[in-house]
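Below is start-v1.csv, which holds CSV, C-alpha atoms.
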```csv
chain,number,residue,atom,x,y,z
B,786,MET,CA,55.9,-16.2,-12.8
B,787,LYS,CA,54.7,-18.6,-15.5
B,788,LEU,CA,54.9,-21.5,-13.1
B,789,LYS,CA,52.8,-19.6,-10.6
B,790,VAL,CA,50.1,-18.9,-13.2
B,791,LEU,CA,50.1,-22.6,-14.3
B,792,ALA,CA,49.9,-23.7,-10.7
B,793,LEU,CA,46.9,-21.4,-10.0
B,794,SER,CA,45.2,-22.5,-13.2
B,795,ALA,CA,45.6,-26.1,-12.1
B,796,VAL,CA,44.1,-25.4,-8.7
B,797,VAL,CA,41.1,-23.6,-10.4
B,798,LEU,CA,40.5,-26.5,-12.8
B,799,ALA,CA,40.8,-29.0,-10.0
B,800,THR,CA,38.4,-27.1,-7.8
B,801,ALA,CA,35.9,-26.8,-10.7
B,802,SER,CA,36.3,-30.5,-11.5
B,803,CYS,CA,35.8,-31.4,-7.8
B,804,SER,CA,32.7,-29.3,-7.5
B,805,LYS,CA,31.2,-30.9,-10.5
B,806,MET,CA,32.0,-34.4,-9.1
B,807,ILE,CA,30.3,-33.5,-5.8
B,808,GLU,CA,27.3,-32.1,-7.7
B,809,GLU,CA,27.0,-35.3,-9.8
B,810,THR,CA,27.4,-37.5,-6.7
B,811,ILE,CA,24.6,-35.7,-4.8
B,812,LYS,CA,22.3,-36.0,-7.8
B,813,LYS,CA,22.9,-39.7,-7.9
B,814,ASN,CA,22.8,-40.2,-4.1
B,815,PRO,CA,20.5,-37.5,-2.6
B,816,GLU,CA,20.3,-39.6,0.6
B,817,LEU,CA,23.8,-38.3,1.4
B,818,VAL,CA,22.3,-34.8,1.9
B,819,PHE,CA,19.6,-36.2,4.2
B,820,LYS,CA,22.2,-38.1,6.2
B,821,ALA,CA,24.3,-35.0,6.6
B,822,ILE,CA,21.2,-33.1,7.8
B,823,GLU,CA,20.4,-35.9,10.3
B,824,ALA,CA,23.9,-35.8,11.6
B,825,LYS,CA,23.9,-32.1,12.3
B,826,PRO,CA,20.3,-30.8,12.1
B,827,LYS,CA,20.9,-27.7,14.3
B,828,GLU,CA,23.8,-26.5,12.2
B,829,PHE,CA,21.8,-27.1,9.0
B,830,PHE,CA,18.8,-25.1,10.1
B,831,ASP,CA,20.9,-22.3,11.5
B,832,THR,CA,22.6,-22.0,8.1
B,833,VAL,CA,19.3,-22.0,6.3
B,834,GLN,CA,17.8,-19.4,8.7
B,835,LYS,CA,20.9,-17.2,8.3
B,836,ALA,CA,20.8,-17.4,4.5
B,837,GLN,CA,17.1,-16.6,4.6
B,838,MET,CA,17.6,-13.6,6.8
B,839,GLU,CA,20.5,-12.3,4.6
B,840,ALA,CA,18.3,-12.7,1.5
B,841,GLN,CA,15.5,-10.8,3.1
B,842,LYS,CA,17.8,-8.1,4.3
B,843,ALA,CA,19.3,-7.7,0.7
B,844,ALA,CA,15.7,-7.7,-0.7
B,845,ARG,CA,14.7,-4.9,1.7
B,846,ALA,CA,17.8,-2.9,0.9
B,847,GLU,CA,17.1,-3.2,-2.8
B,848,GLN,CA,13.4,-2.2,-2.3
B,849,GLU,CA,14.3,0.8,-0.2
B,850,GLN,CA,16.9,1.9,-2.8
B,851,LYS,CA,14.3,1.6,-5.5
B,852,GLN,CA,11.7,3.5,-3.5
B,853,ALA,CA,14.2,6.2,-2.8
B,854,GLY,CA,14.9,6.6,-6.5
B,855,GLN,CA,11.2,6.7,-7.3
B,856,LEU,CA,10.6,9.3,-4.5
B,857,GLU,CA,13.3,11.6,-6.0
B,858,GLU,CA,11.9,11.2,-9.5
B,859,GLU,CA,8.4,12.1,-8.4
B,860,PHE,CA,9.5,15.2,-6.5
B,861,LYS,CA,11.0,16.3,-9.8
B,862,ASN,CA,8.1,15.1,-11.9
B,863,PRO,CA,5.0,15.0,-9.6
B,864,LYS,CA,1.9,13.0,-10.6
B,865,ALA,CA,-1.3,14.9,-11.1
B,866,PRO,CA,-4.4,13.2,-10.0
B,867,ALA,CA,-7.8,14.8,-10.9
B,868,ILE,CA,-9.1,16.9,-8.1
B,869,ASP,CA,-12.9,17.5,-8.3
B,870,GLU,CA,-13.7,20.3,-5.8
B,871,SER,CA,-17.3,19.2,-5.7
B,872,ARG,CA,-16.4,15.9,-4.0
B,873,ALA,CA,-16.0,15.4,-0.3
B,874,ILE,CA,-12.6,16.9,0.7
B,875,PHE,CA,-11.4,16.5,4.3
B,876,GLY,CA,-9.6,19.5,5.6
B,877,ALA,CA,-9.1,23.1,4.4
B,878,LYS,CA,-9.7,23.4,0.6
B,879,SER,CA,-6.9,26.0,0.4
B,880,ALA,CA,-4.3,23.7,2.1
B,881,PRO,CA,-0.9,23.6,0.4
B,882,ILE,CA,-0.7,19.8,0.7
B,883,THR,CA,-3.2,17.6,-1.0
B,884,ILE,CA,-3.3,13.9,-0.2
B,885,VAL,CA,-5.3,11.7,-2.5
B,886,GLU,CA,-6.1,8.3,-1.1
B,887,TYR,CA,-7.2,5.2,-3.0
B,888,SER,CA,-8.9,3.0,-0.5
B,889,ASP,CA,-11.2,0.1,0.3
B,890,PHE,CA,-13.6,0.4,3.3
B,891,GLN,CA,-13.1,-3.2,4.3
B,892,CYS,CA,-9.3,-3.4,3.9
B,893,PRO,CA,-7.7,-3.7,7.4
B,894,PHE,CA,-4.6,-1.8,6.2
B,895,CYS,CA,-6.9,1.0,5.1
B,896,SER,CA,-8.2,1.1,8.6
B,897,LYS,CA,-4.6,1.6,9.9
B,898,ALA,CA,-4.1,4.3,7.2
B,899,ALA,CA,-7.3,6.1,8.4
B,900,THR,CA,-5.7,6.3,11.9
B,901,THR,CA,-2.5,7.6,10.3
B,902,MET,CA,-4.4,10.3,8.4
B,903,THR,CA,-6.0,11.4,11.7
B,904,GLU,CA,-2.5,11.8,13.0
B,905,VAL,CA,-1.4,13.8,9.9
B,906,PHE,CA,-4.3,16.2,10.5
B,907,LYS,CA,-3.4,16.6,14.2
B,908,LYS,CA,0.1,17.5,13.2
B,909,TYR,CA,-0.5,19.8,10.2
B,910,GLY,CA,-4.0,21.1,10.7
B,911,ASP,CA,-5.1,23.4,7.8
B,912,LYS,CA,-1.8,22.7,5.9
B,913,VAL,CA,-3.2,19.4,4.6
B,914,ARG,CA,-6.4,18.2,2.9
B,915,LEU,CA,-7.5,14.7,1.9
B,916,VAL,CA,-9.4,13.6,-1.2
B,917,TYR,CA,-10.8,10.2,-0.4
B,918,LYS,CA,-11.1,8.0,-3.6
B,919,HIS,CA,-12.1,4.4,-4.1
B,920,LEU,CA,-10.3,1.2,-5.1
B,921,PRO,CA,-12.8,-1.4,-3.8
B,922,PHE,CA,-11.8,-5.1,-3.8
B,923,LYS,CA,-13.7,-6.7,-0.9
B,924,PRO,CA,-17.3,-7.8,-1.2
B,925,ASN,CA,-19.0,-4.9,0.5
B,926,ALA,CA,-16.4,-2.2,-0.3
B,927,GLU,CA,-18.1,-0.9,-3.4
B,928,PRO,CA,-21.6,-0.7,-1.8
B,929,ALA,CA,-19.9,1.2,1.1
B,930,ALA,CA,-18.2,3.5,-1.5
B,931,ARG,CA,-21.5,4.1,-3.2
B,932,TYR,CA,-23.1,5.1,0.1
B,933,PHE,CA,-20.2,7.4,0.9
B,934,GLU,CA,-20.5,9.2,-2.5
B,935,ALA,CA,-24.3,9.4,-2.2
B,936,ILE,CA,-24.0,11.0,1.2
B,937,ALA,CA,-21.3,13.3,-0.1
B,938,LEU,CA,-23.7,14.6,-2.6
B,939,GLN,CA,-25.9,15.7,0.3
B,940,SER,CA,-23.2,16.8,2.7
B,941,PRO,CA,-19.4,16.4,2.7
B,942,GLN,CA,-19.4,16.7,6.5
B,943,LYS,CA,-21.8,13.8,6.8
B,944,ALA,CA,-19.8,11.8,4.4
B,945,LYS,CA,-16.7,12.4,6.6
B,946,LYS,CA,-18.6,11.1,9.7
B,947,PHE,CA,-19.8,8.1,7.7
B,948,HIS,CA,-16.2,7.4,6.7
B,949,ASP,CA,-14.9,7.7,10.3
B,950,ILE,CA,-17.6,5.4,11.7
B,951,LEU,CA,-17.1,2.7,9.1
B,952,TYR,CA,-13.3,2.6,9.8
B,953,GLN,CA,-14.0,2.5,13.6
B,954,ASN,CA,-16.3,-0.4,13.2
B,955,GLN,CA,-14.9,-2.1,10.1
B,956,LYS,CA,-16.0,-5.7,10.8
B,957,LYS,CA,-19.6,-4.6,10.8
B,958,ILE,CA,-19.4,-3.8,7.1
B,959,TYR,CA,-19.7,-7.5,6.5
B,960,ASP,CA,-23.3,-7.2,7.7
B,961,GLY,CA,-24.0,-5.6,4.4
B,962,GLU,CA,-26.4,-2.8,3.4
B,963,SER,CA,-28.4,-3.0,6.6
B,964,TYR,CA,-25.3,-1.7,8.5
B,965,LEU,CA,-24.6,0.9,5.9
B,966,GLN,CA,-28.2,2.2,6.2
B,967,GLU,CA,-27.8,2.2,10.0
B,968,VAL,CA,-24.6,4.4,9.8
B,969,ALA,CA,-26.2,6.7,7.2
B,970,LYS,CA,-29.1,7.3,9.6
B,971,LYS,CA,-26.7,8.0,12.4
B,972,VAL,CA,-24.9,10.7,10.5
B,973,GLY,CA,-28.2,12.3,9.6
B,974,ALA,CA,-28.2,11.5,5.9
B,975,ASP,CA,-31.5,11.2,3.9
B,976,LEU,CA,-31.9,7.5,3.1
B,977,ALA,CA,-34.4,8.1,0.3
B,978,LYS,CA,-31.9,10.3,-1.5
B,979,ILE,CA,-29.2,7.8,-1.0
B,980,LYS,CA,-31.3,5.0,-2.6
B,981,ALA,CA,-32.0,7.4,-5.5
B,982,THR,CA,-28.4,8.3,-6.1
B,983,LYS,CA,-26.0,5.5,-4.9
B,984,ASP,CA,-26.4,3.7,-8.3
B,985,SER,CA,-26.7,6.8,-10.4
B,986,ASP,CA,-24.3,7.7,-13.3
B,987,VAL,CA,-22.7,10.4,-11.2
B,988,VAL,CA,-21.6,8.0,-8.4
B,989,THR,CA,-20.8,5.2,-10.8
B,990,LYS,CA,-18.6,7.5,-12.9
B,991,ARG,CA,-16.7,8.7,-9.8
B,992,ILE,CA,-15.9,5.2,-8.6
B,993,ASN,CA,-14.9,4.0,-12.1
B,994,ALA,CA,-12.7,7.1,-12.6
B,995,ASP,CA,-11.0,6.4,-9.2
B,996,LYS,CA,-10.2,2.8,-10.2
B,997,SER,CA,-8.9,3.9,-13.6
B,998,GLU,CA,-6.7,6.6,-12.1
B,999,ALA,CA,-5.3,4.2,-9.5
B,1000,GLU,CA,-4.4,1.8,-12.3
B,1001,LYS,CA,-2.8,4.7,-14.3
B,1002,PHE,CA,-0.6,5.5,-11.4
B,1003,GLU,CA,0.3,1.8,-10.9
B,1004,ILE,CA,-1.5,1.6,-7.5
B,1005,SER,CA,-2.7,-2.0,-7.5
B,1006,GLY,CA,-3.4,-2.5,-3.8
B,1007,THR,CA,-4.9,-0.6,-0.9
B,1008,PRO,CA,-4.2,1.9,0.6
B,1009,GLY,CA,-2.4,4.0,-2.0
B,1010,PHE,CA,-1.7,7.7,-1.7
B,1011,ILE,CA,-0.4,10.6,-3.8
B,1012,VAL,CA,1.0,13.3,-1.6
B,1013,ASN,CA,1.4,16.5,-3.7
B,1014,GLY,CA,2.3,14.3,-6.6
B,1015,VAL,CA,4.5,11.8,-4.7
B,1016,THR,CA,3.2,8.2,-4.4
B,1017,VAL,CA,3.0,6.2,-1.2
B,1018,ARG,CA,2.0,2.6,-1.7
B,1019,GLY,CA,0.8,0.9,1.5
B,1020,ALA,CA,-0.1,1.8,5.1
B,1021,TYR,CA,3.1,3.6,6.0
B,1022,PRO,CA,3.5,5.1,9.5
B,1023,LEU,CA,3.1,8.8,10.2
B,1024,GLU,CA,6.9,9.4,10.0
B,1025,HIS,CA,6.9,8.5,6.3
B,1026,PHE,CA,4.2,11.0,5.5
B,1027,VAL,CA,6.0,13.6,7.6
B,1028,GLN,CA,9.2,13.2,5.6
B,1029,ILE,CA,7.3,13.9,2.3
B,1030,ILE,CA,5.0,16.7,3.6
B,1031,ASP,CA,7.9,18.6,5.4
B,1032,ARG,CA,9.9,18.5,2.2
B,1033,HIS,CA,7.0,19.9,0.2
B,1034,LEU,CA,6.4,22.6,2.8
B,1035,LYS,CA,10.0,23.7,2.7
B,1036,LYS,CA,9.8,24.5,-1.0
```

Since I need it in another form, could you write the structure as structure tokens?
Amino acid sequence: MKLKVLALSAVVLATASCSKMIEETIKKNPELVFKAIEAKPKEFFDTVQKAQMEAQKAARAEQEQKQAGQLEEEFKNPKAPAIDESRAIFGAKSAPITIVEYSDFQCPFCSKAATTMTEVFKKYGDKVRLVYKHLPFKPNAEPAARYFEAIALQSPQKAKKFHDILYQNQKKIYDGESYLQEVAKKVGADLAKIKATKDSDVVTKRINADKSEAEKFEISGTPGFIVNGVTVRGAYPLEHFVQIIDRHLKK
């Protein structure tokens, strides 16, 4: 038995020593690696690609496991964003499911999310409501947010139409305020009132409060959602929201 242990120890030491020698040799003669790659380039790149795919798969699995843990934690201890009933709220105000969205009118992923939210309303109807909040990053996103809130002070319904048109024609937002005025007119909003209120304390405080709240909930990119206290970071498909909403409705 002792002989076997000694033999095994000798093999381990020899292997470690050999590995160290190989490492030192490659450090001193890196051209050996290049020659090996040149000799069998396909095998080399296949190995690298396989390793990359395995690393990505492991990273995804780790991320999914982490998200699942966070999901369970938030079902137990839901987050509580501020809900101001005087703001524009899409859907029935008495709905059992409240979705708070932190968004940027120029963000392409937010455009996808807007489509997903339309699907959510088609599926759940009066069981859901959406509070649209702002986390503007792109150049004309904050001006668009100010127009939205100024219109909401006049009419939540007109603000909803303004929201829908902007996301349907997102690239035009780069035209700046002229386009925002054009859409405001289209939805029947009073431009004079918009100009008087878009930079007011009321609108500024709302947007700043939205930014602070997103930061508080560790939402650093757009879109971000809180579905009855459960966080969704990113433009997830309908199925992801269905999973969370159905679980809430079963309670």

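Going from atom CA of Lys861 of chain B over to atom CA of Ile1029 of chain B, you cover 12.9 Å.
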
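Between Ala944 of chain B and the residues B:Val988, B:Phe890, B:Ser896, B:Ile874, the shortest atom-to-atom distance, using all atoms listed in the file, involves B:Ile874.
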
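Checking B:Lys956, B:His919, B:Lys864, B:Lys820 one by one against Ser1005 of chain B, counting only C-alpha atoms, you find the shortest gap at B:His919.
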
Taking only residues of segment 968-1025 of chain B that have an atom at most 9 Å from an atom of segment 935-939 of chain B, what is each one's shortest atom pair and its distance in Å to one decimal, using only C-alpha atoms, in chain and number order, as CSV?
```
residue,atom,partner,partner_atom,distance
B:Ala969,CA,B:Ile936,CA,7.7
B:Ala974,CA,B:Ile936,CA,6.3
B:Asp975,CA,B:Ile936,CA,8.0
B:Leu976,CA,B:Ile936,CA,8.8
B:Lys978,CA,B:Ala935,CA,7.7
B:Ile979,CA,B:Ala935,CA,5.3
B:Lys980,CA,B:Ala935,CA,8.3
B:Ala981,CA,B:Ala935,CA,8.6
B:Thr982,CA,B:Ala935,CA,5.8
B:Lys983,CA,B:Ala935,CA,5.0
B:Asp984,CA,B:Ala935,CA,8.6
B:Ser985,CA,B:Ala935,CA,8.9
B:Val988,CA,B:Ala935,CA,6.9
```

*Tell me, in Å to one decimal, how far atom CA of Phe906 of chain B is from atom CA of Phe875 of chain B.*
9.4 Å

*Distance query Thr900 of chain B at most 9 Å, all atoms listed in the file, self and fewer than 5 positions along chain excluded, as a VMD selection string*: chain B and resid 895 905 952

Keeping only C-alpha atoms, write the selected residues to a file as a short mmCIF file (atom, residue, chain, number, x, y, z; two decimals), keeping the file's coordinate frame.
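File written: selection_13.cif
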```
data_model
loop_
_atom_site.label_atom_id
_atom_site.label_comp_id
_atom_site.auth_asym_id
_atom_site.auth_seq_id
_atom_site.Cartn_x
_atom_site.Cartn_y
_atom_site.Cartn_z
CA CYS B 895 -6.90 1.00 5.10
CA VAL B 905 -1.40 13.80 9.90
CA TYR B 952 -13.30 2.60 9.80
#
```

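If you measure from each of B:Lys912, B:Ile811, B:Glu934, B:Ala929 to Arg991 of chain B using all atoms listed in the file, the closest one turns out to be B:Glu934.
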